[in-house]
>>> print(open('protein_23.cif').read())   # mmCIF, C-alpha atoms
data_coords
loop_
_atom_site.group_PDB
_atom_site.id
_atom_site.type_symbol
_atom_site.label_atom_id
_atom_site.label_comp_id
_atom_site.auth_asym_id
_atom_site.auth_seq_id
_atom_site.Cartn_x
_atom_site.Cartn_y
_atom_site.Cartn_z
ATOM 1 C CA MET A 557 -19.725 -11.264 16.995
ATOM 2 C CA LYS A 558 -20.764 -12.558 13.582
ATOM 3 C CA LYS A 559 -19.391 -10.495 10.698
ATOM 4 C CA ILE A 560 -21.898 -8.697 8.488
ATOM 5 C CA THR A 561 -22.005 -6.476 5.416
ATOM 6 C CA ILE A 562 -22.652 -2.797 6.132
ATOM 7 C CA ALA A 563 -23.892 -0.723 3.190
ATOM 8 C CA ILE A 564 -23.802 3.065 3.552
ATOM 9 C CA ASP A 565 -25.480 5.158 0.872
ATOM 10 C CA GLY A 566 -26.384 8.814 0.684
ATOM 11 C CA PHE A 567 -25.819 12.205 -0.865
ATOM 12 C CA SER A 568 -22.391 13.714 -1.493
ATOM 13 C CA SER A 569 -20.572 15.275 1.467
ATOM 14 C CA THR A 570 -22.720 13.616 4.135
ATOM 15 C CA GLY A 571 -19.651 12.082 5.746
ATOM 16 C CA LYS A 572 -20.271 8.551 4.473
ATOM 17 C CA SER A 573 -16.563 7.785 4.102
ATOM 18 C CA THR A 574 -15.700 9.223 7.516
ATOM 19 C CA LEU A 575 -18.327 7.055 9.202
ATOM 20 C CA ALA A 576 -17.361 3.977 7.185
ATOM 21 C CA LYS A 577 -13.684 4.377 8.133
ATOM 22 C CA GLN A 578 -14.603 4.760 11.810
ATOM 23 C CA LEU A 579 -16.722 1.614 11.719
ATOM 24 C CA ALA A 580 -14.154 -0.454 9.824
ATOM 25 C CA LYS A 581 -11.385 0.506 12.247
ATOM 26 C CA HIS A 582 -13.539 -0.186 15.310
ATOM 27 C CA LEU A 583 -14.882 -3.520 14.033
ATOM 28 C CA GLY A 584 -11.752 -4.726 12.252
ATOM 29 C CA TYR A 585 -13.650 -4.746 8.948
ATOM 30 C CA VAL A 586 -12.481 -4.041 5.404
ATOM 31 C CA TYR A 587 -13.423 -0.549 4.210
ATOM 32 C CA VAL A 588 -14.121 0.194 0.555
ATOM 33 C CA ASP A 589 -14.670 3.766 -0.676
ATOM 34 C CA THR A 590 -16.597 3.227 -3.926
ATOM 35 C CA GLY A 591 -16.703 6.980 -4.502
ATOM 36 C CA ALA A 592 -12.917 6.924 -4.822
ATOM 37 C CA MET A 593 -13.246 4.284 -7.539
ATOM 38 C CA TYR A 594 -15.619 6.462 -9.589
ATOM 39 C CA ARG A 595 -13.425 9.503 -8.941
ATOM 40 C CA ALA A 596 -10.411 7.571 -10.238
ATOM 41 C CA VAL A 597 -12.255 6.726 -13.465
ATOM 42 C CA ALA A 598 -13.286 10.380 -13.817
ATOM 43 C CA PHE A 599 -9.670 11.444 -13.241
ATOM 44 C CA PHE A 600 -8.523 8.949 -15.906
ATOM 45 C CA ALA A 601 -11.068 10.422 -18.341
ATOM 46 C CA MET A 602 -9.907 13.961 -17.556
ATOM 47 C CA GLU A 603 -6.218 13.123 -17.912
ATOM 48 C CA ASN A 604 -6.843 11.555 -21.318
ATOM 49 C CA GLY A 605 -9.100 14.336 -22.601
ATOM 50 C CA TYR A 606 -12.256 12.200 -22.724
ATOM 51 C CA ILE A 607 -14.160 14.694 -20.587
ATOM 52 C CA THR A 608 -13.870 18.482 -20.338
ATOM 53 C CA THR A 609 -16.302 21.291 -19.593
ATOM 54 C CA GLU A 610 -17.198 21.252 -23.312
ATOM 55 C CA ILE A 611 -17.248 17.547 -24.236
ATOM 56 C CA PHE A 612 -17.728 14.055 -22.857
ATOM 57 C CA ASN A 613 -16.643 11.292 -25.211
ATOM 58 C CA LYS A 614 -18.408 8.371 -23.530
ATOM 59 C CA GLU A 615 -17.636 5.840 -26.248
ATOM 60 C CA THR A 616 -13.899 6.470 -26.028
ATOM 61 C CA LEU A 617 -14.014 6.060 -22.258
ATOM 62 C CA ILE A 618 -16.014 2.836 -22.591
ATOM 63 C CA ASN A 619 -13.553 1.494 -25.155
ATOM 64 C CA ASN A 620 -10.668 2.200 -22.784
ATOM 65 C CA LEU A 621 -12.137 0.748 -19.578
ATOM 66 C CA SER A 622 -9.867 -2.274 -19.955
ATOM 67 C CA ASN A 623 -6.927 0.120 -19.521
ATOM 68 C CA ILE A 624 -8.128 1.155 -16.069
ATOM 69 C CA LYS A 625 -6.735 -0.878 -13.170
ATOM 70 C CA LEU A 626 -7.909 0.132 -9.703
ATOM 71 C CA HIS A 627 -6.823 -1.091 -6.295
ATOM 72 C CA PHE A 628 -6.594 0.115 -2.708
ATOM 73 C CA GLU A 629 -3.440 0.038 -0.586
ATOM 74 C CA PHE A 630 -3.580 0.507 3.160
ATOM 75 C CA ASN A 631 -1.478 3.427 4.435
ATOM 76 C CA SER A 632 -0.612 2.663 8.053
ATOM 77 C CA ALA A 633 0.507 6.255 8.670
ATOM 78 C CA LEU A 634 -2.895 7.595 7.641
ATOM 79 C CA GLY A 635 -4.938 4.694 8.957
ATOM 80 C CA PHE A 636 -6.895 4.048 5.767
ATOM 81 C CA ALA A 637 -6.505 2.623 2.278
ATOM 82 C CA GLU A 638 -5.587 4.937 -0.581
ATOM 83 C CA MET A 639 -6.765 4.759 -4.194
ATOM 84 C CA TYR A 640 -4.345 3.617 -6.881
ATOM 85 C CA LEU A 641 -4.977 4.059 -10.601
ATOM 86 C CA ASN A 642 -2.754 1.913 -12.816
ATOM 87 C CA ASN A 643 -0.367 1.453 -9.870
ATOM 88 C CA VAL A 644 -0.089 5.201 -9.195
ATOM 89 C CA ASN A 645 -1.359 6.723 -5.945
ATOM 90 C CA VAL A 646 -4.032 9.262 -6.979
ATOM 91 C CA GLU A 647 -5.650 9.795 -3.567
ATOM 92 C CA LYS A 648 -4.872 13.535 -3.556
ATOM 93 C CA GLU A 649 -5.650 14.128 -7.243
ATOM 94 C CA ILE A 650 -9.140 12.600 -7.117
ATOM 95 C CA ARG A 651 -10.321 14.790 -4.216
ATOM 96 C CA THR A 652 -10.317 18.105 -6.112
ATOM 97 C CA LEU A 653 -13.410 20.129 -6.977
ATOM 98 C CA GLU A 654 -12.579 19.649 -10.664
ATOM 99 C CA VAL A 655 -12.946 15.881 -10.322
ATOM 100 C CA SER A 656 -16.110 16.421 -8.250
ATOM 101 C CA ASN A 657 -17.576 18.391 -11.153
ATOM 102 C CA PHE A 658 -17.191 15.416 -13.514
ATOM 103 C CA VAL A 659 -17.598 12.316 -11.344
ATOM 104 C CA SER A 660 -21.411 12.118 -11.404
ATOM 105 C CA ARG A 661 -21.435 12.314 -15.206
ATOM 106 C CA VAL A 662 -18.893 9.516 -15.454
ATOM 107 C CA ALA A 663 -20.838 7.456 -12.915
ATOM 108 C CA GLU A 664 -23.934 7.706 -15.143
ATOM 109 C CA VAL A 665 -22.269 5.508 -17.759
ATOM 110 C CA SER A 666 -23.717 1.987 -17.453
ATOM 111 C CA GLU A 667 -20.524 0.291 -18.626
ATOM 112 C CA VAL A 668 -18.501 2.100 -15.955
ATOM 113 C CA ARG A 669 -20.979 1.095 -13.253
ATOM 114 C CA ALA A 670 -21.012 -2.542 -14.412
ATOM 115 C CA LYS A 671 -17.215 -2.746 -14.282
ATOM 116 C CA LEU A 672 -16.962 -1.236 -10.805
ATOM 117 C CA VAL A 673 -19.973 -3.033 -9.281
ATOM 118 C CA GLU A 674 -18.475 -6.382 -10.306
ATOM 119 C CA GLN A 675 -15.221 -5.490 -8.520
ATOM 120 C CA GLN A 676 -17.096 -4.239 -5.450
ATOM 121 C CA GLN A 677 -19.159 -7.414 -5.138
ATOM 122 C CA GLU A 678 -16.009 -9.529 -5.291
ATOM 123 C CA MET A 679 -14.536 -7.483 -2.445
ATOM 124 C CA GLY A 680 -17.510 -8.334 -0.228
ATOM 125 C CA ASN A 681 -17.614 -12.089 -0.741
ATOM 126 C CA ASN A 682 -16.379 -12.859 2.775
ATOM 127 C CA LYS A 683 -18.518 -10.378 4.755
ATOM 128 C CA GLY A 684 -16.833 -8.182 7.370
ATOM 129 C CA ILE A 685 -16.954 -5.201 5.017
ATOM 130 C CA VAL A 686 -18.112 -1.583 5.197
ATOM 131 C CA MET A 687 -18.790 -0.026 1.819
ATOM 132 C CA ASP A 688 -20.122 3.432 1.064
ATOM 133 C CA GLY A 689 -21.443 4.954 -2.141
ATOM 134 C CA ARG A 690 -24.679 5.684 -3.975
ATOM 135 C CA ASP A 691 -26.049 2.221 -4.803
ATOM 136 C CA ILE A 692 -24.493 -0.124 -2.249
ATOM 137 C CA GLY A 693 -27.706 -1.181 -0.522
ATOM 138 C CA THR A 694 -29.777 -1.219 -3.705
ATOM 139 C CA VAL A 695 -27.421 -2.747 -6.300
ATOM 140 C CA VAL A 696 -24.043 -3.881 -4.953
ATOM 141 C CA PHE A 697 -25.239 -5.574 -1.736
ATOM 142 C CA PRO A 698 -29.054 -5.748 -1.802
ATOM 143 C CA ASP A 699 -28.860 -8.468 0.891
ATOM 144 C CA ALA A 700 -26.633 -6.497 3.277
ATOM 145 C CA GLU A 701 -27.539 -7.102 6.908
ATOM 146 C CA LEU A 702 -27.387 -3.366 7.683
ATOM 147 C CA LYS A 703 -28.193 -0.569 5.252
ATOM 148 C CA ILE A 704 -27.823 3.077 6.167
ATOM 149 C CA PHE A 705 -28.878 6.079 4.090
ATOM 150 C CA MET A 706 -27.237 9.366 5.057
ATOM 151 C CA THR A 707 -28.584 12.804 4.301
ATOM 152 C CA ALA A 708 -28.218 16.454 5.314
ATOM 153 C CA SER A 709 -29.237 19.805 3.846
ATOM 154 C CA SER A 710 -27.345 20.867 0.705
ATOM 155 C CA GLU A 711 -26.154 24.023 2.492
ATOM 156 C CA THR A 712 -24.731 22.032 5.405
ATOM 157 C CA ARG A 713 -22.986 19.627 3.049
ATOM 158 C CA ALA A 714 -21.572 22.447 0.932
ATOM 159 C CA GLN A 715 -20.150 24.147 4.017
ATOM 160 C CA ARG A 716 -18.484 20.906 5.122
ATOM 161 C CA ARG A 717 -16.989 20.363 1.677
ATOM 162 C CA PHE A 718 -15.874 24.002 1.413
ATOM 163 C CA ASP A 719 -14.119 23.816 4.801
ATOM 164 C CA GLU A 720 -12.413 20.581 3.744
ATOM 165 C CA LEU A 721 -11.141 22.017 0.454
ATOM 166 C CA GLU A 722 -10.062 25.273 2.073
ATOM 167 C CA ALA A 723 -8.077 23.330 4.687
ATOM 168 C CA LYS A 724 -6.231 21.617 1.840
ATOM 169 C CA GLY A 725 -5.327 24.993 0.350
ATOM 170 C CA ASP A 726 -7.694 24.777 -2.631
ATOM 171 C CA SER A 727 -8.889 28.128 -3.941
ATOM 172 C CA VAL A 728 -12.678 27.743 -4.194
ATOM 173 C CA SER A 729 -15.760 29.725 -3.169
ATOM 174 C CA TYR A 730 -18.672 28.475 -1.084
ATOM 175 C CA GLU A 731 -21.011 29.296 -3.989
ATOM 176 C CA GLU A 732 -18.990 27.057 -6.344
ATOM 177 C CA VAL A 733 -19.125 24.179 -3.883
ATOM 178 C CA LEU A 734 -22.863 24.610 -3.229
ATOM 179 C CA LYS A 735 -23.547 24.588 -6.966
ATOM 180 C CA ASN A 736 -21.473 21.411 -7.334
ATOM 181 C CA VAL A 737 -23.345 19.708 -4.472
ATOM 182 C CA GLN A 738 -26.738 20.591 -5.940
ATOM 183 C CA GLU A 739 -25.766 19.528 -9.459
ATOM 184 C CA ARG A 740 -24.408 16.206 -8.202
ATOM 185 C CA ASP A 741 -27.598 15.614 -6.212
ATOM 186 C CA TYR A 742 -29.682 16.119 -9.343
ATOM 187 C CA ILE A 743 -27.543 13.868 -11.544
ATOM 188 C CA ASP A 744 -27.236 11.153 -8.888
ATOM 189 C CA THR A 745 -30.994 10.993 -8.291
ATOM 190 C CA HIS A 746 -32.078 11.280 -11.933
ATOM 191 C CA ARG A 747 -29.711 8.959 -13.803
ATOM 192 C CA GLU A 748 -31.280 5.965 -15.543
ATOM 193 C CA ASP A 749 -28.792 3.377 -14.273
ATOM 194 C CA SER A 750 -28.816 2.814 -10.492
ATOM 195 C CA PRO A 751 -30.074 6.231 -9.356
ATOM 196 C CA LEU A 752 -29.508 7.315 -5.773
ATOM 197 C CA VAL A 753 -32.550 6.124 -3.821
ATOM 198 C CA THR A 754 -33.150 4.930 -0.287
ATOM 199 C CA ALA A 755 -33.373 1.139 -0.100
ATOM 200 C CA GLN A 756 -36.702 0.031 1.373
ATOM 201 C CA ASP A 757 -35.008 -1.584 4.362
ATOM 202 C CA ALA A 758 -32.414 1.156 4.919
ATOM 203 C CA ILE A 759 -32.286 3.257 8.070
ATOM 204 C CA GLU A 760 -32.128 6.961 7.230
ATOM 205 C CA ILE A 761 -29.870 9.228 9.263
ATOM 206 C CA ASP A 762 -30.022 13.011 8.860
ATOM 207 C CA ASN A 763 -26.728 14.198 10.312
ATOM 208 C CA SER A 764 -27.213 17.924 9.742
ATOM 209 C CA TYR A 765 -26.962 18.495 13.486
ATOM 210 C CA LEU A 766 -25.074 15.394 14.629
ATOM 211 C CA THR A 767 -21.411 15.343 15.596
ATOM 212 C CA ARG A 768 -19.224 12.562 14.240
ATOM 213 C CA GLU A 769 -19.156 10.974 17.681
ATOM 214 C CA GLU A 770 -22.954 11.078 18.056
ATOM 215 C CA GLN A 771 -23.441 9.583 14.617
ATOM 216 C CA PHE A 772 -20.878 6.851 15.282
ATOM 217 C CA LYS A 773 -22.629 5.899 18.529
ATOM 218 C CA VAL A 774 -26.029 5.682 16.801
ATOM 219 C CA VAL A 775 -24.713 3.348 14.104
ATOM 220 C CA LEU A 776 -22.792 1.147 16.559
ATOM 221 C CA GLU A 777 -26.056 0.589 18.423
ATOM 222 C CA LEU A 778 -27.734 -0.379 15.144
ATOM 223 C CA ILE A 779 -24.950 -2.891 14.419
ATOM 224 C CA GLU A 780 -25.367 -4.444 17.876
ATOM 225 C CA GLU A 781 -29.102 -4.807 17.289
ATOM 226 C CA VAL A 782 -28.589 -6.474 13.903
ATOM 227 C CA THR A 783 -25.915 -8.918 15.078
ATOM 228 C CA LYS A 784 -28.081 -10.022 18.026
ATOM 229 C CA THR A 785 -30.724 -11.296 15.611
ATOM 230 C CA LEU A 786 -28.313 -13.397 13.496
#
>>> encode(input="protein_23.cif", output="C-alpha cells")
Amino acid sequence: MKKITIAIDGFSSTGKSTLAKQLAKHLGYVYVDTGAMYRAVAFFAMENGYITTEIFNKETLINNLSNIKLHFEFNSALGFAEMYLNNVNVEKEIRTLEVSNFVSRVAEVSEVRAKLVEQQQEMGNNKGIVMDGRDIGTVVFPDAELKIFMTASSETRAQRRFDELEAKGDSVSYEEVLKNVQERDYIDTHREDSPLVTAQDAIEIDNSYLTREEQFKVVLELIEEVTKTL
C-alpha cells in the first residue's frame, strides 16, 4: 500500500491524538502530535515568566524562540513518542489544565507558528505520517492525500477532558474544564494567523456518539478508499 500523508484537524479534546496514534501504530506510520509542540512552547513561556494570568510578554518569547529545542522520543513501554523540551521529558508537565489555559494564546503568535510549522513540514517530507493539530490540512500539509476534521459538542469534549484529568489525580471541576474548552474554541477559530477552519477537501467526523473503535474503523475505510485511487 502506497504511503500517504494523513492530516487530522479539529477542536480540542475531540480525540485527535488518540485516533492519530491508533492509525500510526496500525499502518506503521510516524505520528506527530503538533499540539504537544505548542504546549511545550507554552510551558517554556510559563516556566520563564513570559506568560501568567496577568501578563503575556510576546516579544520576550519571540526573542527567545531560538532557545527552544523540541524533539520527540519513542517510549516503547507506552507505545508512543513523548515530548522533550531542551532535552528534558515534559510529557506530563504539558498536559495540565494550567498549560491548556495558555496554549491557545501562545499558538496565536505568528513567529511561534512559523517556527513549528517549518519543523512539522520537514517531518513529513517522506510521507507515511499522521499529524494532528489545528492547521495541518490547511497550512502544514495542504496537499495531504487524506484530511480529517474532528468535532464534537463542547459539553462532550469537556466531560472527556475532565475524566482524563481526574484519572491523573488533578484537582479540577467540570465547570473549569468546560470554560477552558469554550475559550480555546473561540481563540482557535478567531486568531488572525492560521485559524481553525475545515479544509475544503476535509472529511468531517462528529464523534460525539462514536466509540474509539467505531471511529477507527470509519477512518481506516477512508484510508483504503484514498490509497486505491493513487
>>> residues_around(input="protein_23.cif", residues="Thr694 of chain A", least_positions_apart="3", cutoff="9 Å", atoms="all atoms listed in the file", output="PyMOL selection string")
chain A and resi 565+690-691+697-699+750+752-756
>>> atom_distance(input="protein_23.cif", atom1="atom CA of Lys724 of chain A", atom2="atom CA of Val662 of chain A")
24.6 Å
>>> closest_residue(input="protein_23.cif", among="A:Ile562, A:Val659, A:Ile650, A:Ala637", to="Leu583 of chain A", atoms="all atoms listed in the file")
A:Ile562
>>> residues_around(input="protein_23.cif", residues="Gln677 of chain A", least_positions_apart="2", cutoff="12 Å", atoms="all atoms listed in the file", output="MDAnalysis selection string")
chainID A and resid 561 563 588 590 669:675 679:683 685:687 691:693 695:700
>>> residues_around(input="protein_23.cif", residues="Asp741 of chain A", least_positions_apart="5", cutoff="9 Å", atoms="only C-alpha atoms", output="tab-separated table (two decimals) with C-alpha atoms, in the coordinates of the input")
chain	number	residue	atom	x	y	z
A	567	PHE	CA	-25.82	12.20	-0.86
A	568	SER	CA	-22.39	13.71	-1.49
A	660	SER	CA	-21.41	12.12	-11.40
A	710	SER	CA	-27.34	20.87	0.70
A	736	ASN	CA	-21.47	21.41	-7.33
A	746	HIS	CA	-32.08	11.28	-11.93
A	752	LEU	CA	-29.51	7.32	-5.77
>>> closest_residue(input="protein_23.cif", among="A:Phe705, A:Leu786, A:Val733, A:Val775", to="Thr570 of chain A", atoms="only C-alpha atoms")
A:Phe705
>>> atom_distance(input="protein_23.cif", atom1="atom CA of Arg768 of chain A", atom2="atom CA of Ile564 of chain A")
15.0 Å
>>> residues_around(input="protein_23.cif", residues="Glu664 of chain A", least_positions_apart="6", cutoff="12 Å", atoms="only C-alpha atoms", output="list in words")
Tyr594, Val597, Ala598, Phe612, Lys614, Ile618, Phe658, Ala670, Arg690, Asp691, Arg740, Tyr742, Ile743, Asp744, Thr745, His746, Arg747, Glu748, Asp749, Ser750, Pro751 and Leu752 of chain A
>>> closest_residue(input="protein_23.cif", among="A:Glu654, A:Glu781, A:Glu667, A:Glu649", to="Thr616 of chain A", atoms="all atoms listed in the file")
A:Glu667
>>> atom_distance(input="protein_23.cif", atom1="atom CA of Ala592 of chain A", atom2="atom CA of Asn642 of chain A")
13.9 Å
>>> residues_around(input="protein_23.cif", residues="Glu720 of chain A", least_positions_apart="2", cutoff="12 Å", atoms="all atoms listed in the file", output="ChimeraX atom specification")
/A:569,571,651-653,713-718,722-730,733
>>> write_last_selection(input="protein_23.cif", atoms="C-alpha atoms", output="compact mmCIF listing (two decimals), in the frame of the given file")
# COMPACT_ATOMS: atom_id res chain seq x y z
CA SER A 569 -20.57 15.28 1.47
CA GLY A 571 -19.65 12.08 5.75
CA ARG A 651 -10.32 14.79 -4.22
CA THR A 652 -10.32 18.10 -6.11
CA LEU A 653 -13.41 20.13 -6.98
CA ARG A 713 -22.99 19.63 3.05
CA ALA A 714 -21.57 22.45 0.93
CA GLN A 715 -20.15 24.15 4.02
CA ARG A 716 -18.48 20.91 5.12
CA ARG A 717 -16.99 20.36 1.68
CA PHE A 718 -15.87 24.00 1.41
CA GLU A 722 -10.06 25.27 2.07
CA ALA A 723 -8.08 23.33 4.69
CA LYS A 724 -6.23 21.62 1.84
CA GLY A 725 -5.33 24.99 0.35
CA ASP A 726 -7.69 24.78 -2.63
CA SER A 727 -8.89 28.13 -3.94
CA VAL A 728 -12.68 27.74 -4.19
CA SER A 729 -15.76 29.72 -3.17
CA TYR A 730 -18.67 28.48 -1.08
CA VAL A 733 -19.12 24.18 -3.88
>>> closest_residue(input="protein_23.cif", among="A:Ala596, A:Ile779, A:Val668, A:Ile611", to="Ala580 of chain A", atoms="only C-alpha atoms")
A:Ile779
>>> residues_near_point(input="protein_23.cif", point="(-9.0, 4.7, 6.8)", cutoff="12 Å", atoms="all atoms listed in the file", output="JSON, numbers by chain")
{"A": [573, 574, 575, 576, 577, 578, 579, 580, 581, 582, 584, 585, 586, 587, 588, 589, 628, 629, 630, 631, 632, 633, 634, 635, 636, 637, 638, 639, 686, 687]}
>>> resolve_selection(input="protein_23.cif", expression="the PyMOL selection byres ((chain A and resi 604) around 12)", output="list in words")
Val597, Ala598, Phe599, Phe600, Ala601, Met602, Glu603, Gly605, Tyr606, Ile607, Thr608, Phe612, Asn613, Thr616, Leu617, Asn620, Asn623 and Ile624 of chain A
>>> write_last_selection(input="protein_23.cif", atoms="C-alpha atoms", output="tab-separated table (two decimals), in the coordinates of the input")
chain	number	residue	atom	x	y	z
A	597	VAL	CA	-12.26	6.73	-13.46
A	598	ALA	CA	-13.29	10.38	-13.82
A	599	PHE	CA	-9.67	11.44	-13.24
A	600	PHE	CA	-8.52	8.95	-15.91
A	601	ALA	CA	-11.07	10.42	-18.34
A	602	MET	CA	-9.91	13.96	-17.56
A	603	GLU	CA	-6.22	13.12	-17.91
A	605	GLY	CA	-9.10	14.34	-22.60
A	606	TYR	CA	-12.26	12.20	-22.72
A	607	ILE	CA	-14.16	14.69	-20.59
A	608	THR	CA	-13.87	18.48	-20.34
A	612	PHE	CA	-17.73	14.06	-22.86
A	613	ASN	CA	-16.64	11.29	-25.21
A	616	THR	CA	-13.90	6.47	-26.03
A	617	LEU	CA	-14.01	6.06	-22.26
A	620	ASN	CA	-10.67	2.20	-22.78
A	623	ASN	CA	-6.93	0.12	-19.52
A	624	ILE	CA	-8.13	1.16	-16.07
>>> closest_residue(input="protein_23.cif", among="A:His627, A:Lys773, A:Lys735, A:Lys703", to="Gln676 of chain A", atoms="all atoms listed in the file")
A:His627
>>> resolve_selection(input="protein_23.cif", expression="the PyMOL selection byres ((chain A and resi 764) around 7)", output="ChimeraX atom specification")
/A:708-709,712,762-763,765-766
>>> closest_residue(input="protein_23.cif", among="A:Glu647, A:Glu711, A:Glu770, A:Glu701", to="Gln738 of chain A", atoms="all atoms listed in the file")
A:Glu711
>>> axis_aligned_box(input="protein_23.cif", around="segment 740-751 of chain A", padding_each_side="4 Å", output="AutoDock Vina command-line options")
--center_x -28.2 --center_y 9.5 --center_z -10.9 --size_x 15.7 --size_y 21.4 --size_z 17.3
>>> decode(input="protein_23.cif", residues="segment 594-609 of chain A", atoms="N, CA, C and O atoms", output="compact mmCIF listing (two decimals), in the first residue's frame")
# COMPACT_ATOMS: atom_id res chain seq x y z
N TYR A 594 3.13 22.87 20.66
CA TYR A 594 2.65 24.18 21.13
C TYR A 594 2.54 24.21 22.65
O TYR A 594 2.82 25.23 23.28
N ARG A 595 2.15 23.08 23.24
CA ARG A 595 2.08 23.00 24.70
C ARG A 595 3.47 23.17 25.32
O ARG A 595 3.63 23.81 26.36
N ALA A 596 4.48 22.59 24.66
CA ALA A 596 5.85 22.70 25.17
C ALA A 596 6.33 24.15 25.14
O ALA A 596 7.00 24.61 26.07
N VAL A 597 5.98 24.87 24.08
CA VAL A 597 6.35 26.29 23.99
C VAL A 597 5.62 27.08 25.08
O VAL A 597 6.20 27.96 25.73
N ALA A 598 4.34 26.76 25.29
CA ALA A 598 3.57 27.44 26.34
C ALA A 598 4.18 27.15 27.71
O ALA A 598 4.29 28.04 28.56
N PHE A 599 4.59 25.90 27.94
CA PHE A 599 5.21 25.52 29.20
C PHE A 599 6.52 26.28 29.40
O PHE A 599 6.82 26.76 30.50
N PHE A 600 7.31 26.41 28.33
CA PHE A 600 8.56 27.17 28.37
C PHE A 600 8.28 28.62 28.77
O PHE A 600 8.97 29.20 29.62
N ALA A 601 7.23 29.21 28.16
CA ALA A 601 6.87 30.59 28.47
C ALA A 601 6.43 30.73 29.93
O ALA A 601 6.79 31.71 30.61
N MET A 602 5.68 29.76 30.42
CA MET A 602 5.23 29.78 31.81
C MET A 602 6.41 29.67 32.77
O MET A 602 6.51 30.43 33.75
N GLU A 603 7.29 28.72 32.50
CA GLU A 603 8.43 28.47 33.38
C GLU A 603 9.35 29.68 33.47
O GLU A 603 10.02 29.89 34.49
N ASN A 604 9.40 30.47 32.40
CA ASN A 604 10.29 31.63 32.37
C ASN A 604 9.57 32.94 32.69
O ASN A 604 10.17 34.02 32.60
N GLY A 605 8.30 32.85 33.07
CA GLY A 605 7.55 34.03 33.48
C GLY A 605 7.12 34.94 32.35
O GLY A 605 6.76 36.10 32.57
N TYR A 606 7.13 34.42 31.10
CA TYR A 606 6.70 35.23 29.96
C TYR A 606 5.18 35.33 29.87
O TYR A 606 4.65 36.26 29.27
N ILE A 607 4.49 34.36 30.46
CA ILE A 607 3.04 34.37 30.44
C ILE A 607 2.50 33.95 31.80
O ILE A 607 2.95 32.97 32.40
N THR A 608 1.56 34.74 32.31
CA THR A 608 0.85 34.44 33.56
C THR A 608 -0.60 34.81 33.33
O THR A 608 -0.99 35.22 32.24
N THR A 609 -1.42 34.69 34.36
CA THR A 609 -2.82 35.09 34.22
C THR A 609 -2.95 36.60 34.03
O THR A 609 -3.96 37.09 33.54
